[in-house]
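A.B. asks: This is the content of entry-v3.cif (mmCIF, C-alpha atoms and all ligand atoms):
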data_work
#
loop_
_atom_site.label_atom_id
_atom_site.label_comp_id
_atom_site.auth_asym_id
_atom_site.auth_seq_id
_atom_site.Cartn_x
_atom_site.Cartn_y
_atom_site.Cartn_z
CA MET W 1 74.23 118.67 140.09
CA THR W 2 72.56 121.65 138.46
CA GLY W 3 75.47 123.79 139.57
CA LEU W 4 77.94 121.38 137.95
CA VAL W 5 76.04 121.46 134.64
CA LEU W 6 75.93 125.24 134.77
CA ALA W 7 79.66 125.41 135.48
CA ILE W 8 80.42 123.09 132.53
CA LEU W 9 78.20 125.16 130.25
CA LEU W 10 79.86 128.37 131.41
CA ILE W 11 83.27 126.98 130.48
CA ALA W 12 82.33 124.92 127.40
CA LEU W 13 80.19 127.53 125.62
CA PRO W 14 82.81 130.34 125.51
CA ALA W 15 85.54 127.79 124.69
CA GLY W 16 83.48 126.34 121.83
CA PHE W 17 82.63 129.83 120.60
CA GLY W 18 86.30 130.81 120.69
CA LEU W 19 87.40 127.65 118.84
CA TRP W 20 84.72 128.18 116.21
CA HIS W 21 85.99 131.74 115.58
CA LEU W 22 89.59 130.55 115.54
CA ALA W 23 88.77 127.89 112.91
CA GLY W 24 86.87 130.49 110.86
CA GLY W 25 89.87 132.86 111.04
CA VAL W 26 92.31 130.14 109.95
CA ALA W 27 90.00 129.16 107.07
CA ALA W 28 89.70 132.81 105.97
CA VAL W 29 93.50 133.26 106.00
CA TRP W 30 93.89 130.04 104.02
CA ARG W 31 91.26 131.10 101.47
CA ARG W 32 93.00 134.45 101.02
CA HIS W 33 96.36 132.74 100.60
CA ALA W 34 94.86 130.36 97.99
CA ALA W 35 93.30 133.31 96.10
CA GLU W 36 96.63 135.22 96.11
CA THR W 37 98.50 132.11 95.00
CA ALA W 38 96.14 131.66 92.06
CA VAL W 39 97.22 135.12 90.85
CA THR W 40 100.88 135.35 91.88
CA GLY W 41 101.90 131.68 91.72
CA LEU W 42 104.27 129.86 94.05
CA ARG W 43 107.98 129.44 94.47
CA LEU W 44 108.52 125.76 95.05
CA ARG W 45 111.67 123.98 96.07
CA VAL W 46 112.79 120.64 94.64
CA ILE W 47 113.16 118.13 97.49
CA TRP W 48 113.74 115.02 95.42
CA ARG W 49 114.49 114.07 91.85
CA ASP W 50 114.94 110.79 90.05
CA ASP W 51 115.62 109.79 86.45
CA PRO W 52 113.75 106.56 85.66
CA ALA W 53 114.86 106.61 81.98
CA PRO W 54 117.50 108.59 80.05
CA ASP W 55 114.95 111.10 78.74
CA LEU W 56 112.49 111.07 81.68
CA PHE W 57 112.87 112.69 85.08
CA ARG W 58 110.59 113.28 88.05
CA LEU W 59 110.58 116.17 90.50
CA TRP W 60 108.99 116.40 93.94
CA LEU W 61 108.33 120.03 94.95
CA VAL W 62 107.43 121.58 98.31
CA GLY W 63 106.57 125.13 99.34
CA TRP W 64 105.72 127.41 102.20
CA PRO W 65 103.24 127.23 103.89
CA PHE W 66 103.56 123.46 103.75
CA LEU W 67 100.00 122.80 102.63
CA LEU W 68 99.93 123.53 98.89
CA PRO W 69 96.80 124.60 96.97
CA ARG W 70 94.41 121.71 96.42
CA PHE W 71 93.68 120.58 92.87
CA SER W 72 91.66 118.17 90.76
CA ALA W 73 93.50 115.19 89.33
CA GLY W 74 94.41 115.84 85.70
CA GLN W 75 95.31 119.49 86.28
CA HIS W 76 98.76 120.88 85.53
CA VAL W 77 101.09 123.57 86.83
CA VAL W 78 103.04 126.01 84.69
CA VAL W 79 106.77 126.26 85.48
CA SER W 80 108.67 129.41 84.41
CA VAL W 81 112.14 128.55 83.15
CA PRO W 82 114.82 131.08 82.09
CA LEU W 83 116.37 129.95 78.79
CA PRO W 84 120.06 130.39 77.92
CA ASP W 85 119.14 133.09 75.34
CA GLY W 86 117.52 135.23 78.04
CA ARG W 87 113.88 134.41 77.23
CA LEU W 88 111.55 133.17 79.94
CA ALA W 89 109.73 130.03 78.82
CA LYS W 90 106.58 128.76 80.49
CA ARG W 91 105.82 125.07 80.30
CA ALA W 92 102.83 123.14 81.60
CA TYR W 93 103.44 119.85 83.40
CA SER W 94 100.71 117.56 84.67
CA LEU W 95 100.60 116.72 88.37
CA ALA W 96 101.51 113.04 88.69
CA ALA W 97 100.03 112.33 92.12
CA TRP W 98 96.84 113.37 93.86
CA HIS W 99 96.29 113.93 97.60
CA ARG W 100 93.28 115.45 99.28
CA PHE W 101 95.56 117.87 101.15
CA PRO W 102 98.80 118.09 99.12
CA LEU W 103 102.07 118.67 100.96
CA TRP W 104 104.09 118.26 97.75
CA TYR W 105 103.56 118.23 94.01
CA CYS W 106 105.08 115.55 91.81
CA LEU W 107 105.90 116.21 88.15
CA ALA W 108 107.07 113.71 85.53
CA ILE W 109 108.82 115.40 82.61
CA ARG W 110 110.20 114.29 79.29
CA LYS W 111 113.58 115.92 78.71
CA GLY W 112 112.63 117.25 75.26
CA THR W 113 114.03 120.57 74.11
CA ASP W 114 114.42 124.14 75.47
CA ALA W 115 112.62 124.61 78.84
CA SER W 116 112.32 120.92 79.69
CA ALA W 117 115.97 120.39 78.75
CA VAL W 118 117.00 123.32 80.99
CA LEU W 119 114.97 121.83 83.86
CA HIS W 120 116.58 118.45 83.22
CA ARG W 121 120.04 120.02 83.52
CA SER W 122 119.42 122.33 86.45
CA ALA W 123 116.54 121.07 88.64
CA ARG W 124 118.38 119.60 91.62
CA PRO W 125 117.32 119.21 95.28
CA LEU W 126 116.97 122.63 96.96
CA THR W 127 116.72 124.62 93.70
CA ARG W 128 113.60 126.85 93.58
CA TRP W 129 111.31 127.46 90.62
CA PRO W 130 108.35 129.78 89.99
CA VAL W 131 105.31 127.53 89.60
CA SER W 132 101.70 128.54 88.93
CA ALA W 133 98.78 127.33 91.00
CA PRO W 134 97.25 124.15 89.52
CA ARG W 135 94.89 124.76 86.60
CA GLY W 136 93.33 123.06 83.59
CA HIS W 137 90.15 121.24 82.57
CA PHE W 138 91.48 117.78 81.68
CA THR W 139 89.88 116.35 84.80
CA ASP W 140 87.55 113.49 85.69
CA PRO W 141 84.41 114.13 83.56
CA ASP W 142 82.03 112.25 85.89
CA PRO W 143 83.28 110.19 88.86
CA ARG W 144 80.00 108.19 88.88
CA ALA W 145 80.49 106.98 85.28
CA PRO W 146 83.02 104.29 84.28
CA LEU W 147 86.25 105.73 82.94
CA LEU W 148 88.65 104.29 80.38
CA LEU W 149 92.05 105.96 80.13
CA VAL W 150 94.53 105.62 77.27
CA ALA W 151 98.06 106.80 77.99
CA GLY W 152 100.99 106.89 75.60
CA GLY W 153 104.49 107.57 76.97
CA ILE W 154 104.60 110.50 79.39
CA GLY W 155 100.80 110.87 78.94
CA VAL W 156 100.32 108.50 81.86
CA THR W 157 101.21 111.31 84.27
CA PRO W 158 97.77 112.94 84.73
CA PHE W 159 96.09 109.52 84.69
CA ARG W 160 98.05 108.26 87.68
CA ALA W 161 96.63 111.20 89.63
CA LEU W 162 93.12 110.47 88.28
CA VAL W 163 93.27 106.85 89.43
CA MET W 164 94.51 107.96 92.87
CA GLN W 165 91.62 110.41 93.13
CA ARG W 166 89.02 107.77 92.15
CA ALA W 167 90.56 105.30 94.61
CA ALA W 168 89.91 107.86 97.38
CA GLN W 169 86.21 108.20 96.41
CA PRO W 170 84.24 105.16 97.63
CA TRP W 171 81.28 106.04 95.39
CA ALA W 172 83.38 106.40 92.21
CA ALA W 173 82.78 104.04 89.25
CA PRO W 174 85.55 101.67 88.03
CA VAL W 175 88.45 102.91 85.96
CA THR W 176 90.58 101.08 83.37
CA LEU W 177 93.98 102.31 82.23
CA HIS W 178 95.62 101.21 78.97
CA GLN W 179 99.24 102.34 79.08
CA THR W 180 101.48 101.96 76.04
CA ALA W 181 105.18 102.60 75.58
CA ARG W 182 107.79 101.12 73.28
CA THR W 183 109.52 98.96 75.89
CA VAL W 184 108.68 97.75 79.40
CA PRO W 185 111.25 100.03 81.13
CA GLU W 186 109.60 103.00 79.37
CA LEU W 187 106.23 102.23 81.02
CA LEU W 188 106.50 105.07 83.53
CA TRP W 189 104.96 104.39 86.99
CA ARG W 190 104.39 100.72 86.04
CA ALA W 191 105.30 99.36 89.49
CA ALA W 192 103.21 102.00 91.30
CA LEU W 193 100.20 101.40 89.03
CA THR W 194 100.47 97.61 89.44
CA GLN W 195 100.45 98.08 93.23
CA LEU W 196 97.50 100.45 92.98
CA SER W 197 95.51 97.91 90.93
CA ALA W 198 96.20 95.27 93.61
CA ARG W 199 94.93 97.58 96.38
CA TYR W 200 91.99 99.24 94.60
CA CYS W 201 89.56 96.68 93.17
CA GLY W 202 87.86 99.31 90.98
CA PHE W 203 91.04 99.80 88.95
CA ARG W 204 92.14 97.62 86.03
CA TYR W 205 95.64 98.29 84.71
CA ILE W 206 96.66 97.06 81.21
CA PRO W 207 100.27 97.93 80.29
CA ARG W 208 101.49 97.26 76.76
CA ALA W 209 105.07 97.39 75.34
CA THR W 210 104.71 97.86 71.59
CA ALA W 211 108.22 96.54 70.86
CA THR W 212 106.93 93.05 71.69
CA GLN W 213 103.12 93.38 71.66
CA ALA W 214 100.56 94.52 69.10
CA ARG W 215 99.64 98.20 69.04
CA LEU W 216 96.57 99.35 70.95
CA THR W 217 93.55 99.73 68.68
CA ALA W 218 90.10 101.29 68.96
CA ALA W 219 88.70 97.71 69.06
CA ASP W 220 90.72 97.01 72.25
CA ILE W 221 89.24 100.13 73.81
CA LEU W 222 85.67 99.52 72.69
CA ALA W 223 85.83 95.98 74.07
CA ARG W 224 85.87 97.53 77.57
CA THR W 225 83.59 100.49 76.86
CA GLY W 226 79.95 100.49 77.97
CA PRO W 227 77.23 103.00 77.04
CA GLU W 228 78.09 105.25 80.01
CA THR W 229 81.89 105.04 79.76
CA HIS W 230 83.95 108.18 79.26
CA VAL W 231 87.22 107.74 77.34
CA MET W 232 90.21 110.01 77.99
CA ILE W 233 93.33 109.92 75.80
CA CYS W 234 96.65 111.52 76.64
CA ALA W 235 99.29 110.38 74.18
CA GLY W 236 101.51 111.52 71.34
CA ASP W 237 100.38 112.82 68.00
CA SER W 238 99.88 109.66 65.95
CA LEU W 239 98.27 107.44 68.61
CA THR W 240 95.92 110.24 69.67
CA SER W 241 94.72 111.10 66.18
CA VAL W 242 94.33 107.47 65.03
CA LEU W 243 92.40 106.38 68.13
CA SER W 244 90.21 109.52 68.23
CA HIS W 245 89.28 109.08 64.59
CA ASP W 246 88.54 105.34 64.92
CA LEU W 247 86.56 105.69 68.17
CA LEU W 248 84.35 108.43 66.76
CA ALA W 249 83.90 106.47 63.51
CA ALA W 250 82.85 103.43 65.60
CA GLY W 251 80.09 105.49 67.21
CA LEU W 252 81.59 106.73 70.49
CA PRO W 253 79.75 110.02 71.19
CA ALA W 254 82.09 113.02 70.94
CA ALA W 255 80.87 114.21 74.36
CA ARG W 256 82.35 111.09 75.94
CA LEU W 257 85.77 111.40 74.29
CA HIS W 258 88.28 113.68 76.05
CA VAL W 259 91.68 114.28 74.50
CA GLU W 260 94.72 116.18 75.67
CA ALA W 261 97.05 117.16 72.86
CA PHE W 262 100.54 117.49 74.22
CA SER W 263 102.48 118.95 71.39
CA LEU W 264 105.70 118.83 73.39
CA ALA W 265 105.70 115.10 72.78
CA LEU W 266 106.08 115.55 69.04
CA PRO W 267 109.47 114.45 67.77
CA PRO W 268 111.06 117.43 66.00
CA GLU W 269 111.01 117.04 62.25
CA ASP W 270 112.29 119.19 59.39
CA LEU W 271 109.17 119.77 57.30
CA GLY W 272 111.00 122.02 54.84
CA ILE W 273 108.36 124.75 55.10
CA THR W 274 108.53 128.54 55.07
CA ILE W 275 106.55 130.67 57.50
CA THR W 276 105.60 134.24 56.66
CA MET W 277 104.19 136.90 58.93
CA GLY W 278 103.96 140.41 57.52
CA SER W 279 107.27 141.08 55.77
CA HIS W 280 109.14 138.48 57.83
CA SER W 281 109.76 135.03 56.27
CA PHE W 282 111.88 132.20 57.65
CA ARG W 283 112.38 128.44 57.50
CA PRO W 284 112.07 127.00 61.02
CA GLY W 285 113.87 123.70 60.34
CA ARG W 286 113.22 120.86 62.83
CA ILE W 287 110.03 121.58 64.75
CA GLY W 288 107.05 119.85 66.34
CA SER W 289 104.09 122.23 66.60
CA LEU W 290 103.45 125.52 64.82
CA LEU W 291 104.18 127.26 68.14
CA GLU W 292 107.68 125.77 68.19
CA ALA W 293 108.16 126.96 64.60
CA LEU W 294 107.15 130.52 65.55
CA GLU W 295 109.49 130.40 68.55
CA ARG W 296 112.33 129.50 66.18
CA GLY W 297 111.59 132.66 64.21
CA SER W 298 111.20 134.80 67.39
CA ILE W 299 107.66 135.70 66.37
CA ALA W 300 105.78 133.43 68.75
CA PRO W 301 102.62 134.70 70.43
CA ASP W 302 102.37 134.45 74.23
CA SER W 303 101.98 130.88 75.38
CA GLU W 304 101.56 129.09 78.63
CA CYS W 305 99.84 125.70 78.80
CA ARG W 306 100.89 124.29 75.38
CA THR W 307 97.95 121.91 75.63
CA GLY W 308 95.24 123.99 73.94
CA GLU W 309 93.64 125.30 77.13
CA CYS W 310 94.75 128.88 77.80
CA SER W 311 94.07 130.21 74.24
CA LEU W 312 97.04 132.58 74.54
CA CYS W 313 98.75 131.25 71.42
CA SER W 314 95.92 132.05 68.96
CA VAL W 315 96.99 132.95 65.42
CA GLU W 316 95.11 133.24 62.16
CA ILE W 317 96.19 131.16 59.18
CA LEU W 318 95.84 133.33 56.08
CA GLN W 319 97.40 130.88 53.62
CA GLY W 320 98.63 127.30 53.82
CA ARG W 321 97.50 124.19 55.61
CA VAL W 322 97.85 123.03 59.23
CA ARG W 323 96.41 119.96 60.94
CA ASP W 324 95.13 119.50 64.46
CA ILE W 325 97.49 117.41 66.60
CA ALA W 326 94.71 115.64 68.48
CA THR W 327 92.38 114.74 65.63
CA GLY W 328 94.70 114.79 62.63
CA HIS W 329 92.09 116.86 60.73
CA PRO W 330 93.02 119.93 58.68
CA VAL W 331 92.01 123.20 60.34
CA THR W 332 91.84 126.72 58.94
CA GLY W 333 91.37 130.30 60.12
CA ARG W 334 91.90 130.96 63.80
CA VAL W 335 93.97 128.19 65.43
CA LEU W 336 95.94 127.55 68.60
CA ALA W 337 99.58 127.41 67.50
CA CYS W 338 100.47 124.85 70.19
CA SER W 339 97.83 122.42 68.95
CA VAL W 340 98.54 122.29 65.22
CA ILE W 341 101.31 121.13 62.92
CA PRO W 342 102.09 123.00 59.69
CA GLU W 343 101.89 120.86 56.56
CA THR W 344 102.70 123.41 53.87
CA ASP W 345 104.21 126.90 53.66
CA ILE W 346 102.19 129.14 55.98
CA THR W 347 101.23 132.81 55.99
CA LEU W 348 99.70 133.97 59.25
CA ARG W 349 99.03 136.87 61.55
CA HIS W 350 98.88 137.28 65.30
CA LEU W 351 95.53 137.82 66.96
CA ALA W 352 95.43 140.56 69.55
S1 LIG W 401 99.78 127.82 74.84
FE1 LIG W 401 97.86 127.64 75.85
S2 LIG W 401 96.49 127.25 74.20
FE2 LIG W 401 98.42 127.28 73.26
#
Output the structure of this file as structure tokens.
Ligand code: FES
C.D. replies:
Amino acid sequence: MTGLVLAILLIALPAGFGLWHLAGGVAAVWRRHAAETAVTGLRLRVIWRDDPAPDLFRLWLVGWPFLLPRFSAGQHVVVSVPLPDGRLAKRAYSLAAWHRFPLWYCLAIRKGTDASAVLHRSARPLTRWPVSAPRGHFTDPDPRAPLLLVAGGIGVTPFRALVMQRAAQPWAAPVTLHQTARTVPELLWRAALTQLSARYCGFRYIPRATATQARLTAADILARTGPETHVMICAGDSLTSVLSHDLLAAGLPAARLHVEAFSLALPPEDLGITITMGSHSFRPGRIGSLLEALERGSIAPDSECRTGECSLCSVEILQGRVRDIATGHPVTGRVLACSVIPETDITLRHLA
């Protein structure tokens, strides 16, 4: 008997030791790959695409090795898109699904203009695109605190991932999602979110089509907001600024309000303004954000996220007035061009 135990130990110990080293080696290779990917980015291939509405499309992307870098729900990737005029545009798109070990990334994109329009035309199954590793800070502020999400239009994309992540955490507090769009067919992911609310009892889903129902107000939100609740808003310009203003005025602490300004959602408008930088003056015509105006005049600073996170698009307003997309408040001095809208003629300079 003693001999048998000794024999088992003699086989099991070296085998266990070897397996432990093998697992450590695989983990080290994977960590190195993840670190390199964070710097160099990925080249991902489209494996599926669908177009749920005329101006909305979804892409499913895979890469090699199959296991893609892990991420926190709410983060985005930056896709590099060559434009017809030869420029390379970088656009940030939120990840629309969360998995503990992701084998694919899913993006939901509004067709919009320039880079998104090029992707809409040319992203087909098997095409490959340079994509950054996931990044961004618009993530779950505290999984143990109740969460109330407000999504307008395409803004539901990061919140679908957030709900999936909470559903996978048994200790997570409940989450409520208010989703608004003009019509029912424009409520992106409605069927998937309805199914998720049926499966996950901690999730309450409240869709709203404003063509037939009243608009969402701060009172609707506060009715479901307790003292510990965090509120996250991802919506277009007007809904975001009105709700942020009203929620703060009603006493919601600023530390519990989290807003993502997605200036790409702004409908282009001709504001009739002139922009001046140094000796160069031009009228940008139909634009959304100040960054889009500067791109029209070929004097745009570097940009990447277009959501106010990377700080690459900083400029200084020397004269004129701009307002913050998220809050609607006027801002002066150093601003992020992707996060403000010009209201008058502007004189500015780039910041190094
Ligand atoms: S482009 Fe990243 S902050 Fe403006």
A.B. asks: So which residues are near ligand LIG 401 (chain W), meaning at most 6 Å away with all atoms listed in the file counted, given back as a ChimeraX atom specification?
C.D. replies: /W:303-313,336-338
A.B. asks: Neighbours of range 114-117 of chain W within 12 Å (all atoms listed in the file; same-chain residues fewer than 5 positions away dropped), as a PyMOL selection string?
C.D. replies: chain W and resi 54-59+78-93+107-109+122-123+264-265+287+292+295-296+304
A.B. asks: As a PyMOL selection string, please: the residues near Glu343 in chain W (cut-off 9 Å, all atoms listed in the file, same-chain neighbours under 5 positions excluded).
C.D. replies: chain W and resi 271+273+320-323
A.B. asks: Could you tell me how far CA of Pro301 in chain W lies from CA of Cys234 in chain W, in Å and to one decimal?
C.D. replies: 24.7 Å
A.B. asks: So that I can check the surroundings of Pro143 in chain W, please list as a list in words every protein, DNA and RNA residue that reaches within 9 Å of it, counting all atoms listed in the file and ignoring chain neighbours fewer than 6 positions away.
C.D. replies: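 What passes the distance filter is Arg166, Gln169, Trp171, Ala172, Ala173 and Pro174 of chain W.
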A.B. asks: Would you mind telling me which residue in W:Gly272, W:Gly74, W:Gly3, W:Gly18 lies nearest to Pro284 in chain W when using only C-alpha atoms?
C.D. replies: W:Gly272
A.B. asks: What's the 10 Å shell around Gly202 in chain W, counting all atoms listed in the file, without same-chain residues fewer than 2 positions away, as an NGL selection string?
C.D. replies: :W and (146 or 163 or 166-167 or 170 or 172-176 or 196-200 or 204)
A.B. asks: Restricting the calculation to all atoms listed in the file, which member of W:Leu222, W:Met232, W:Val315, W:Val150 is positioned closest to Asp302 in chain W?
C.D. replies: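 Selected residue with least distance to Asp302 in chain W: W:Val315.
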A.B. asks: Smallest atom-to-atom distance to Gly328 in chain W: which of W:Leu252, W:Leu239, W:Val184, W:Met277, using only C-alpha atoms?
C.D. replies: W:Leu239
A.B. asks: Rank W:Ile154, W:Leu147, W:Arg135, W:Trp48 by their smallest atom-to-atom distance to Gly236 in chain W, using all atoms listed in the file, and report the top residue only.
C.D. replies: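 Among the listed residues, W:Ile154 lies closest to Gly236 in chain W.
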A.B. asks: Would you work out the distance separating CA of Pro253 in chain W from CA of Phe203 in chain W, expressed in Å to one decimal?
C.D. replies: 23.4 Å
A.B. asks: For Leu61 in chain W, please output as a ChimeraX atom specification all residues within 9 Å (counting only C-alpha atoms; exclusion window: fewer than 2 positions along the same chain).
C.D. replies: /W:44-48,59,63,103-107,128
A.B. asks: Could you state the separation of CA of Gly288 in chain W and CA of Glu316 in chain W in Å, given to one decimal place?
C.D. replies: 18.4 Å
